[in-house]
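*Asks:* This is the structure, below, for whatever I ask next.
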Amino acid sequence: MGFARSMSGALASAMLCALSVSAASAQTLKAVKDRGELICGVSQGLAGFSIADDKGVWSGFDVDFCRAVAAAAIGDAAKVRFVPLSAAERFAALRDGKVDLLARNSTWTLSREIEFGIAFTGATFYDGQGFLVPRASSKTSAYELDGAKVCVQAGTTTKDNIVEFFAANSMKQELVELGSPAEALKAYEEGRCNVLSSDASQLHAERLRLAKPGEHVILADVISKEPLSPAVRDNDAQWGRIVTWVNFAMLQAEELGVSSKTIDAALQSKKPDVRWLVGTDGALGEGLGLTKDWAVRIVRAVGNYGEVYDRNVGDDSRLQIPRGLNQLWSSGGLQYAPPVK
Amino acid sequence: MNRAMTGLLMRAAAMALALGAFAAPASAQRAAPPQDILDVDDQPGFIPSKESEQLSGQWEKQVVFFRTSEAPGTIVISTKDRYLYHVLGANRAMRYGIGVGREGFQWSGLLKVSRKQEWPDWRPPPEMIQRQPYLPRFMAGGPGNPMGARAMYLGATIYRIHGTNQPETIGHAVSSGCFRLVNDDVIDLFDRVQVGAKVIIKHQPAV
């Protein structure tokens, strides 16, 4: 009897525990609203994506995504607390409820979803391993790199990708392995190799550290898949849907020409797709647990996807990363939002 | 094309339209002119310095990743972004920074390169001469000509891709002209493009 009682007691407390966990974590939207603040996990400082200035003001592509979610969820893009997280601690911090949302240039993989019980909400930035070469080499393609001496950081997947890519394309290479990204860049600058390889977004940042950035180019090819995506805990479908559709709303806005400059005109639009997006038709915002003007708030706060891209990492930023894979699908890229209707 | 040419060609186009012969694309979408037009006058005879014609950053000619089902040799113009892409195949295009004029800004559609001309001449129409009496009545093609070093005519329309003697207008919507490139770029493009090449103009319609 004692055994049975203690079993049922354990079971009850286990169930209670499970209940309290799901009740606590499935209410992210309510918690954010009650708190009046979104807690967003970001990087510890990566130019273009998330970086704090000397006054502690955060900016960047990922930071703007946090602000867009705050604008949609609580109506104020300024109500975000940014929590810088190391690569090692980021997913556990999300799992353990230390942040409401992780927007930290993280590659979306299945193993990460399974291991940490998290859900990636959709690629906001398609990155991939690329190549930096001297402009004078006149190379325009990764397929012209036969015989190259390639500087890479040791102990990374970068090296494996190089070996695989060159072998798959019947090209020879010589690897020069360095301990850190900074050492790899130095080795390239000293001419110990004639190609530097890393994720393309990182190459654009590193090029700025060279004495004459204009004398180096980043080839258009990428040889690995690095879809960077925000993530949420996987036990809160409502919150996951909100974060997913914040991204889609920004993409749909760009596709329709709805921007921070045209948002007032968009509110007067007679086009059905525009009316669905800005909430003059339908009740999509309410359906998400937000307000009718959720997408309008996003666009007013940070702009559409293209505006956020250009300002932080694209043509209007120091990085000047071409849109490439991050073009809208209608312009040959991979960025595609399902209909917001 | 410069403003003078534009006026002339607009009248010609209006006549052609009246005659039912104007070959504007059926899918052309009309929209209000953009608000951010750079109001600069043409400067016939002005020869820009080599340095000012050297574009940098995003406006510099460069090979970019460009996924498309269009055949190599096709030209894709994005008026919103101020880029002209020449499709190279295998997911790449040569990208040029362009200036987009009022006339090239209001529609999207499909055309073909109908004619190519080296160092095109310039003939300002009377109304433009009335406004700017100092303009020449005729200017033979050559350095300093607002039409620039090369022109590619688009179908039977008033639209064309041409050079410029005002490199500072690249990246802007300018008050005159269609699609303008700096002279080195328009020469480079001219040598790659065949008469008959498909030209797709993408314009962001109004909300």
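Scheme for the structure tokens: letters A, B, ... for chains in order shown; per-chain residue numbers from 1; ligand numbers from 1 in order shown.
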Kindly determine which residues of chain A lie within 10 Å of chain B, considering only C-alpha atoms, and give the answer as a VMD selection string.
*Replies:* chain A and resid 139 to 141 214 217 to 222 253 to 259 262 to 271 273 to 275 314 to 316 318 320 to 325 327 329 to 334
*Asks:* Going by DSSP on the backbone, which bits of stretch 113-157 of chain B are helix (DSSP H, G or I)? Write them as a ChimeraX atom specification, please.
*Replies:* /B:126-131
*Asks:* Nearest to A:Gly97: which of A:Glu307, A:Val163, A:Ala31, A:Ser260 is it, counting only C-alpha atoms?
*Replies:* A:Ala31
*Asks:* Using only C-alpha atoms for the distances, tell me which of B:Met139, B:Val182, B:Ile201, B:Val193 is nearest to B:His86.
*Replies:*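 Among the listed residues, the smallest separation from B:His86 belongs to B:Val193.
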*Asks:* Find the residue from A:Arg67, A:Lys98, A:Arg241, A:Lys30 that sits nearest to A:Arg297; use only C-alpha atoms when measuring.
*Replies:*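 For A:Arg297, the nearest of the candidates is A:Arg67.
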*Asks:* Find the residues near A:Gly240: any atom within 8 Å, counting only C-alpha atoms, skip ones fewer than 6 places away on the same chain, and give them as a PyMOL selection string.
*Replies:* chain A and resi 119+121+232-234
*Asks:* So, counting only C-alpha atoms, which residue among A:Glu115, A:Asp96, A:Asp146, A:Asp199 is closest to A:Asn169?
*Replies:*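 Nearest candidate to A:Asn169 out of A:Glu115, A:Asp96, A:Asp146, A:Asp199: A:Asp146.
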*Asks:* Name the residues in contact with stretch 245-251 of chain A at a cut-off of 6 Å, using only C-alpha atoms, excluding same-chain residues fewer than 3 positions from it; report them as a count of residues only.
*Replies:* 5
*Asks:* Can you tell me, as a ChimeraX atom specification, what residues are no more than 8 Å from B:Pro167 when counting only C-alpha atoms, ignoring any on the same chain fewer than 5 positions away?
*Replies:* /B:48,52-53,181-182
*Asks:* Find the spatial neighbours of A:Gly45, counting only C-alpha atoms, within a cut-off of 10 Å - ignore same-chain residues fewer than 5 positions away - and output them as a ChimeraX atom specification.
*Replies:* /A:50-53,58-60,84-86,104
*Asks:* How many Å lie between atom CA of A:Phe165 and atom CA of A:Ala123, rounded to one decimal?
*Replies:*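 The value is 23.8 Å.
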*Asks:* Residues at most 10 Å from B:Glu70, counting only C-alpha atoms, excluding those fewer than 2 positions away in the same chain, as a ChimeraX atom specification?
*Replies:* /B:67-68,72-76,87-89,198,200
*Asks:* Any chance you can output those residues with C-alpha atoms as a PDB file, in the first residue's frame?
*Replies:*
ATOM      1  CA  ARG B  67      18.898  33.059 -59.566  1.00  0.00           C
ATOM      2  CA  THR B  68      16.662  33.260 -62.577  1.00  0.00           C
ATOM      3  CA  PRO B  72      22.001  34.083 -70.300  1.00  0.00           C
ATOM      4  CA  GLY B  73      22.133  37.354 -72.210  1.00  0.00           C
ATOM      5  CA  THR B  74      18.838  38.598 -70.813  1.00  0.00           C
ATOM      6  CA  ILE B  75      18.815  42.033 -69.183  1.00  0.00           C
ATOM      7  CA  VAL B  76      16.782  42.485 -66.000  1.00  0.00           C
ATOM      8  CA  VAL B  87      22.266  37.356 -66.849  1.00  0.00           C
ATOM      9  CA  LEU B  88      25.406  35.218 -67.140  1.00  0.00           C
ATOM     10  CA  GLY B  89      23.879  31.831 -66.262  1.00  0.00           C
ATOM     11  CA  LYS B 198      15.282  40.242 -74.004  1.00  0.00           C
ATOM     12  CA  ILE B 200      12.745  42.727 -68.480  1.00  0.00           C
TER      13      ILE B 200
END
*Asks:* Within stretch 8-217 of chain A, find each residue whose DSSP state, derived from the backbone, is strand (DSSP E), and express the selection as JSON, numbers by chain.
*Replies:* {"A": [38, 39, 40, 41, 42, 51, 52, 58, 59, 80, 81, 82, 83, 84, 101, 102, 118, 119, 120, 125, 126, 127, 129, 130, 131, 132, 133, 134, 148, 149, 150, 151, 152, 153, 173, 174, 175, 176, 177, 178, 195, 196, 197, 198, 199, 216, 217]}
